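Taking it in order: structure first as structure tokens, then the write-up.
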Amino acid sequence: MPKFPKERRFSLHGQWSSRLAFIFAVSGSAVGLGNVWKFPYIAGVNGGGAFVLVYLVCVFVIGLPIMMSEILMGRRGRRNPVETMALLGQEEGGTSRWGIVGVVGVATGFFILSYYSVIAGWAVAYIFEGASGAFRGADAQQVEQLFSRISGNWFITGFWHTAFMALTIFVVAKGVKGGLERAVRILMPALIGLLLLLLIYSMIAGDFARGFAFLFEPKFSELTGAGVLEALGHAFFTLSVGMGAVMAYGAYLPAESSIGRTSIAVVVADTLIAIVAGLVIFPIVFANGLDPAAGPGLIFQSLPLAFGQLPGGSFVAVTFFLLLSFAAWTSAISLMEPAVAWLIERQKLLRSVAAIVIGGLIWLLGFLTVFSNSVLSELTFFQGTFFDNIDFVTSNIALPVGGLAIVVFAGWFMSASSTSEELDPDAGLGYQLWRFSARFIAPVAVVCIFLNAVGVF
Ligand code: PHE
């Protein structure tokens, strides 16, 4: 008989109705701006192929075992990430101080969402720009002007950031069953359908051969230590691991669902969507003579130009930015959930109150990013603007460090009997593989990439 405590058969926040609902939810979290906005732009900046290869290795070799660890810990603890880490820390590691990992994770989600919502706000703004025909026949200069008119205007950007946060708070306030599940059930299939539509469009209208070669032909000379760290950070970011988002969702997973198969499905889906997004974007970039290394504005500057040159382009543009906003929404929900669940459990607040308090604070913090593209754009330090710094510290440092702590806890501090109880006890080889990765491969790889980035090797 499993020694699993009976009161933790269920979470106090409710449960997913099925394994499929959980897969929808975790892939809704994973698939977002990371796949569609960030992956193409950082792959472009880092020269394509070689960066993509490192990213793929990081996703499967490091990200997958960490995702499994997060889900199994979430389901075993059945609480918000802070309480789960503290509780399991007490049970398995002898100290509830492991809760710190959860606290850092909650804070990381907080900071990520503060800028994530601003970028998502641009995407929402572009739905309306596309619908109004603003891209039709526009040349490079006009499209650039449009981007700076939106991203450089604190009022417009702030307005859409506010709208996006309001939508996110709304879903989180409605809770796991009422809000999250219903939203992702509709949004995920819609997203995949829209992306495939755009892929066909890109195959016909874009320079597909060049886009394909850019993404898959490795040129290792273009890859730096910082680029490898960025690939690692992005592997964490795109899979939503390292901060407890997946752990929070794991707490709502029914006891009998397979964690291994679920994680593999999510990781494969997330990776395919990023690759498809790249295959949509780069052929259009090359067919129009644009710069693949254009940076965070890549999709906002290059795609409208391409859309604008094509008949029916306004419709494609609206579809694309609608897709991006949906994807960002389901991710934003998961960025907020750990903090909200924590506040509910700690302060015994109503879910709606907790969502408004947390969301309101994140909304305020978001203005640092709003201003760093407008009135504070001259104020730079360390990595650049406020936005650059929040992005760098959260993705490239906080997520890998959080993920490292999680996987070391699951691999070294949790007993084999607890972890095997959660991960299909009868799937012998799969379990051994997970445990070996969690104990050795993932931690060593993360440490090596850090050392490499600071120039030790
Ligand atoms: N994975 C999301 C994306 O790719 C972002 C995210 C990061 C969500 C961390 C939750 C936690 O857009």
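By convention in this document, the chains of the structure tokens carry letters A, B, ... by their order, each chain's residues are numbered from 1, and ligands are numbered from 1 in the order they are shown.
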
_Protein and nucleic residues near ligand 1, 9 Å, only C-alpha atoms and all ligand atoms, as number ranges by chain_ = A: 27-39, 108-109, 112-113, 116, 234-246, 270, 274, 327-328, 330-336, 395, 399

*If we count only C-alpha atoms, what is near Pro254 (chain A) at a cut-off of 12 Å, once residues fewer than 6 positions away on the same chain are taken out, given as a VMD selection string?*
chain A and resid 8 to 11 14 to 22 71 to 72 74 to 76 78 422

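Near Ser415 (chain A), within 12 Å and counting only C-alpha atoms, sit Leu88, Gly89, Glu91, Glu92, Gly93, Gly94, Val408, Phe409, Ala410, Gly411, Thr419, Ser420, Glu421, Glu422, Arg435 and Arg439 of chain A; same-chain residues fewer than 4 positions away were not included.
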
For the selection just defined, write its residues with N, CA, C and O atoms to a file, as a compact mmCIF listing (two decimals), in the first residue's frame.
# COMPACT_ATOMS: atom_id res chain seq x y z
N LEU A 88 7.26 18.79 1.35
CA LEU A 88 8.10 17.68 0.89
C LEU A 88 9.49 17.81 1.47
O LEU A 88 10.14 16.81 1.79
N GLY A 89 9.96 19.05 1.61
CA GLY A 89 11.27 19.27 2.22
C GLY A 89 11.30 18.69 3.62
O GLY A 89 12.25 18.00 4.00
N GLU A 91 9.25 16.30 4.81
CA GLU A 91 9.08 14.85 4.77
C GLU A 91 10.31 14.11 4.26
O GLU A 91 10.66 13.05 4.76
N GLU A 92 10.93 14.67 3.21
CA GLU A 92 11.96 13.91 2.51
C GLU A 92 13.36 14.46 2.76
O GLU A 92 14.33 13.73 2.69
N GLY A 93 13.45 15.78 2.97
CA GLY A 93 14.78 16.37 3.04
C GLY A 93 15.13 16.84 4.44
O GLY A 93 16.19 17.41 4.65
N GLY A 94 14.21 16.64 5.39
CA GLY A 94 14.51 16.97 6.77
C GLY A 94 14.36 18.44 7.13
O GLY A 94 14.55 18.80 8.29
N VAL A 408 17.43 18.61 -8.25
CA VAL A 408 18.33 18.05 -7.24
C VAL A 408 17.49 17.53 -6.07
O VAL A 408 17.75 16.45 -5.53
N PHE A 409 16.44 18.27 -5.73
CA PHE A 409 15.57 17.80 -4.64
C PHE A 409 14.92 16.47 -5.01
O PHE A 409 14.94 15.51 -4.24
N ALA A 410 14.34 16.43 -6.23
CA ALA A 410 13.63 15.20 -6.64
C ALA A 410 14.59 14.03 -6.79
O ALA A 410 14.26 12.89 -6.45
N GLY A 411 15.80 14.30 -7.31
CA GLY A 411 16.74 13.21 -7.58
C GLY A 411 17.52 12.75 -6.36
O GLY A 411 17.80 11.56 -6.21
N THR A 419 9.43 8.77 -5.26
CA THR A 419 9.37 9.19 -6.66
C THR A 419 8.83 8.08 -7.54
O THR A 419 8.06 8.34 -8.46
N SER A 420 9.19 6.83 -7.24
CA SER A 420 8.68 5.76 -8.10
C SER A 420 7.20 5.54 -7.87
O SER A 420 6.48 5.07 -8.75
N GLU A 421 6.73 5.91 -6.69
CA GLU A 421 5.29 5.80 -6.43
C GLU A 421 4.50 6.76 -7.32
O GLU A 421 3.41 6.45 -7.78
N GLU A 422 5.10 7.95 -7.57
CA GLU A 422 4.43 8.94 -8.40
C GLU A 422 4.60 8.65 -9.89
O GLU A 422 3.68 8.84 -10.68
N ARG A 435 15.42 8.96 -13.29
CA ARG A 435 16.20 9.14 -12.08
C ARG A 435 17.65 9.45 -12.39
O ARG A 435 18.28 10.29 -11.75
N ARG A 439 19.33 12.94 -11.31
CA ARG A 439 20.45 12.95 -10.37
C ARG A 439 21.73 13.48 -11.00
O ARG A 439 22.49 14.20 -10.35

_Nearest to Ser314 (chain A), chosen from A:Tyr55, A:Phe381, A:Tyr126, A:Phe300, with only C-alpha atoms counted in the distances_ =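 Residue with the minimum atom-to-atom distance to Ser314 (chain A): A:Tyr126.
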
*Would you kindly return, as a PyMOL selection string, each protein, DNA or RNA residue with an atom no farther than 8 Å from any atom of Ser372 (chain A), considering only C-alpha atoms and excluding same-chain residues fewer than 4 positions away?*
chain A and resi 368+376-379+385-387

Store the residues of this selection in a file with C-alpha atoms, as a compact mmCIF listing (two decimals), in the first residue's frame.
# COMPACT_ATOMS: atom_id res chain seq x y z
CA LEU A 368 8.73 49.37 -15.69
CA LEU A 376 12.84 55.37 -19.82
CA SER A 377 14.41 53.84 -22.93
CA GLU A 378 17.60 55.84 -22.37
CA LEU A 379 18.01 54.48 -18.86
CA THR A 385 16.83 48.59 -20.14
CA PHE A 386 14.61 47.47 -17.24
CA PHE A 387 12.94 45.08 -19.65

_Can you tell me which residues surround Met188 (chain A) at a distance of at most 7 Å, considering only C-alpha atoms, apart from same-chain residues fewer than 3 positions away, and format the answer as a ChimeraX atom specification?_
/A:24,28,184-185,191-192

Write to file, as a CSV table (one decimal), in the first residue's frame, the residues of the selection just made, with all heavy atoms.
chain,number,residue,atom,x,y,z
A,24,PHE,N,-3.8,19.7,-21.9
A,24,PHE,CA,-4.2,21.0,-22.5
A,24,PHE,C,-3.7,22.1,-21.6
A,24,PHE,O,-3.2,23.1,-22.1
A,24,PHE,CB,-5.8,21.1,-22.5
A,24,PHE,CG,-6.4,20.5,-23.8
A,24,PHE,CD1,-7.5,19.7,-23.7
A,24,PHE,CD2,-5.8,20.7,-25.0
A,24,PHE,CE1,-8.1,19.2,-24.9
A,24,PHE,CE2,-6.3,20.2,-26.2
A,24,PHE,CZ,-7.5,19.4,-26.1
A,28,GLY,N,-1.0,24.6,-22.6
A,28,GLY,CA,-1.4,26.0,-22.7
A,28,GLY,C,-0.4,26.9,-22.0
A,28,GLY,O,-0.1,28.0,-22.5
A,184,VAL,N,-8.4,26.8,-21.7
A,184,VAL,CA,-7.4,26.1,-22.5
A,184,VAL,C,-8.0,25.0,-23.4
A,184,VAL,O,-7.5,24.8,-24.5
A,184,VAL,CB,-6.3,25.4,-21.6
A,184,VAL,CG1,-5.4,26.5,-21.0
A,184,VAL,CG2,-6.9,24.5,-20.5
A,185,ARG,N,-9.1,24.5,-23.0
A,185,ARG,CA,-9.8,23.5,-23.8
A,185,ARG,C,-10.2,24.0,-25.2
A,185,ARG,O,-10.1,23.3,-26.2
A,185,ARG,CB,-11.0,23.0,-23.1
A,185,ARG,CG,-11.0,21.6,-22.6
A,185,ARG,CD,-12.2,21.2,-21.9
A,185,ARG,NE,-12.0,20.1,-21.1
A,185,ARG,CZ,-11.9,18.8,-21.6
A,185,ARG,NH1,-12.2,18.5,-22.8
A,185,ARG,NH2,-11.7,17.8,-20.8
A,191,LEU,N,-5.4,27.3,-31.5
A,191,LEU,CA,-4.1,27.7,-31.7
A,191,LEU,C,-3.3,26.9,-32.7
A,191,LEU,O,-2.7,27.4,-33.7
A,191,LEU,CB,-3.3,27.7,-30.4
A,191,LEU,CG,-1.8,27.9,-30.4
A,191,LEU,CD1,-1.6,29.4,-30.7
A,191,LEU,CD2,-1.2,27.5,-29.1
A,192,ILE,N,-3.4,25.6,-32.5
A,192,ILE,CA,-2.7,24.7,-33.4
A,192,ILE,C,-3.3,24.8,-34.8
A,192,ILE,O,-2.5,24.8,-35.8
A,192,ILE,CB,-2.8,23.2,-32.9
A,192,ILE,CG1,-1.9,23.2,-31.6
A,192,ILE,CG2,-2.3,22.2,-33.9
A,192,ILE,CD1,-2.1,21.9,-30.8

*Do a neighbour search on Phe159 (chain A) at 12 Å with only C-alpha atoms, toss out local chain neighbours closer than 3 positions, and write the hits as a PyMOL selection string.*
chain A and resi 117-118+120-122+124-125+150-151+153-156+162-166+363+366-367+370

Would you put the residues from that selection into a file with C-alpha atoms, as an mmCIF file, in the first residue's frame?
data_model
loop_
_atom_site.group_PDB
_atom_site.id
_atom_site.type_symbol
_atom_site.label_atom_id
_atom_site.label_comp_id
_atom_site.auth_asym_id
_atom_site.auth_seq_id
_atom_site.Cartn_x
_atom_site.Cartn_y
_atom_site.Cartn_z
ATOM 1 C CA SER A 117 1.839 41.078 -20.289
ATOM 2 C CA VAL A 118 3.349 44.111 -22.017
ATOM 3 C CA ALA A 120 1.163 40.330 -25.082
ATOM 4 C CA GLY A 121 -0.409 43.791 -25.077
ATOM 5 C CA TRP A 122 1.461 44.605 -28.295
ATOM 6 C CA VAL A 124 -3.496 42.458 -28.843
ATOM 7 C CA ALA A 125 -2.911 45.948 -30.237
ATOM 8 C CA ILE A 150 2.817 51.447 -30.321
ATOM 9 C CA SER A 151 5.815 50.160 -28.338
ATOM 10 C CA ASN A 153 4.013 55.188 -26.584
ATOM 11 C CA TRP A 154 3.604 54.468 -22.896
ATOM 12 C CA PHE A 155 -0.085 55.262 -22.943
ATOM 13 C CA ILE A 156 -1.020 52.882 -25.779
ATOM 14 C CA THR A 162 -3.875 46.788 -18.606
ATOM 15 C CA ALA A 163 -6.433 45.067 -20.823
ATOM 16 C CA PHE A 164 -4.346 41.903 -21.014
ATOM 17 C CA MET A 165 -3.801 41.766 -17.232
ATOM 18 C CA ALA A 166 -7.532 42.261 -16.692
ATOM 19 C CA TRP A 363 0.181 45.168 -13.425
ATOM 20 C CA GLY A 366 4.650 45.973 -15.684
ATOM 21 C CA PHE A 367 4.952 49.717 -16.095
ATOM 22 C CA VAL A 370 6.110 49.843 -20.503
#

*Step one, run DSSP on the backbone; step two, keep only residues of region 72-267 of chain A assigned to alpha helix (DSSP H); then write them as JSON, numbers by chain.*
{"A": [72, 73, 74, 75, 76, 77, 81, 82, 83, 84, 85, 86, 87, 88, 99, 100, 101, 102, 103, 104, 105, 106, 107, 108, 109, 110, 111, 112, 113, 114, 115, 116, 117, 118, 119, 120, 121, 122, 123, 124, 125, 126, 127, 128, 129, 130, 131, 140, 141, 142, 143, 144, 145, 146, 147, 148, 149, 150, 151, 154, 155, 156, 157, 158, 159, 160, 161, 162, 163, 164, 165, 166, 167, 168, 169, 170, 171, 172, 173, 174, 175, 182, 183, 184, 185, 186, 187, 188, 189, 190, 191, 192, 193, 194, 195, 196, 197, 198, 199, 200, 201, 202, 203, 204, 205, 208, 209, 210, 211, 212, 213, 214, 215, 216, 225, 226, 227, 228, 229, 230, 231, 232, 233, 234, 235, 236, 237, 238, 239, 245, 246, 247, 248, 249, 250, 259, 260, 261, 262, 263, 264, 265, 266, 267]}

*Which of A:Ser418, A:Glu129, A:Val61, A:Gly233 sits closest to Ala398 (chain A) [using only C-alpha atoms]*: A:Gly233

*asked:* One decimal, in Å: what's the spacing between CA of Val57 (chain A) and CA of Val228 (chain A)?
replied: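 Computed distance, CA of Val57 (chain A) to CA of Val228 (chain A), equals 10.8 Å.
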
*Mind pulling up the distance from CA of Leu365 (chain A) to CA of Thr84 (chain A)?*
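CA of Leu365 (chain A) lies at a distance of 26.6 Å from CA of Thr84 (chain A).
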
*asked:* Report as a PyMOL selection string all protein, DNA and RNA residues lying within 12 Å of Ala445 (chain A), evaluated on only C-alpha atoms, omitting residues in the same chain fewer than 2 positions from it.
replied: chain A and resi 54+57-59+61-63+228-229+232+400-401+403-404+407+437-443+447-452

*So how far away is CA of Arg346 (chain A) from CA of Ile358 (chain A), in Å?*
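Straight-line distance from CA of Ile358 (chain A) to CA of Arg346 (chain A) works out to 13.4 Å.
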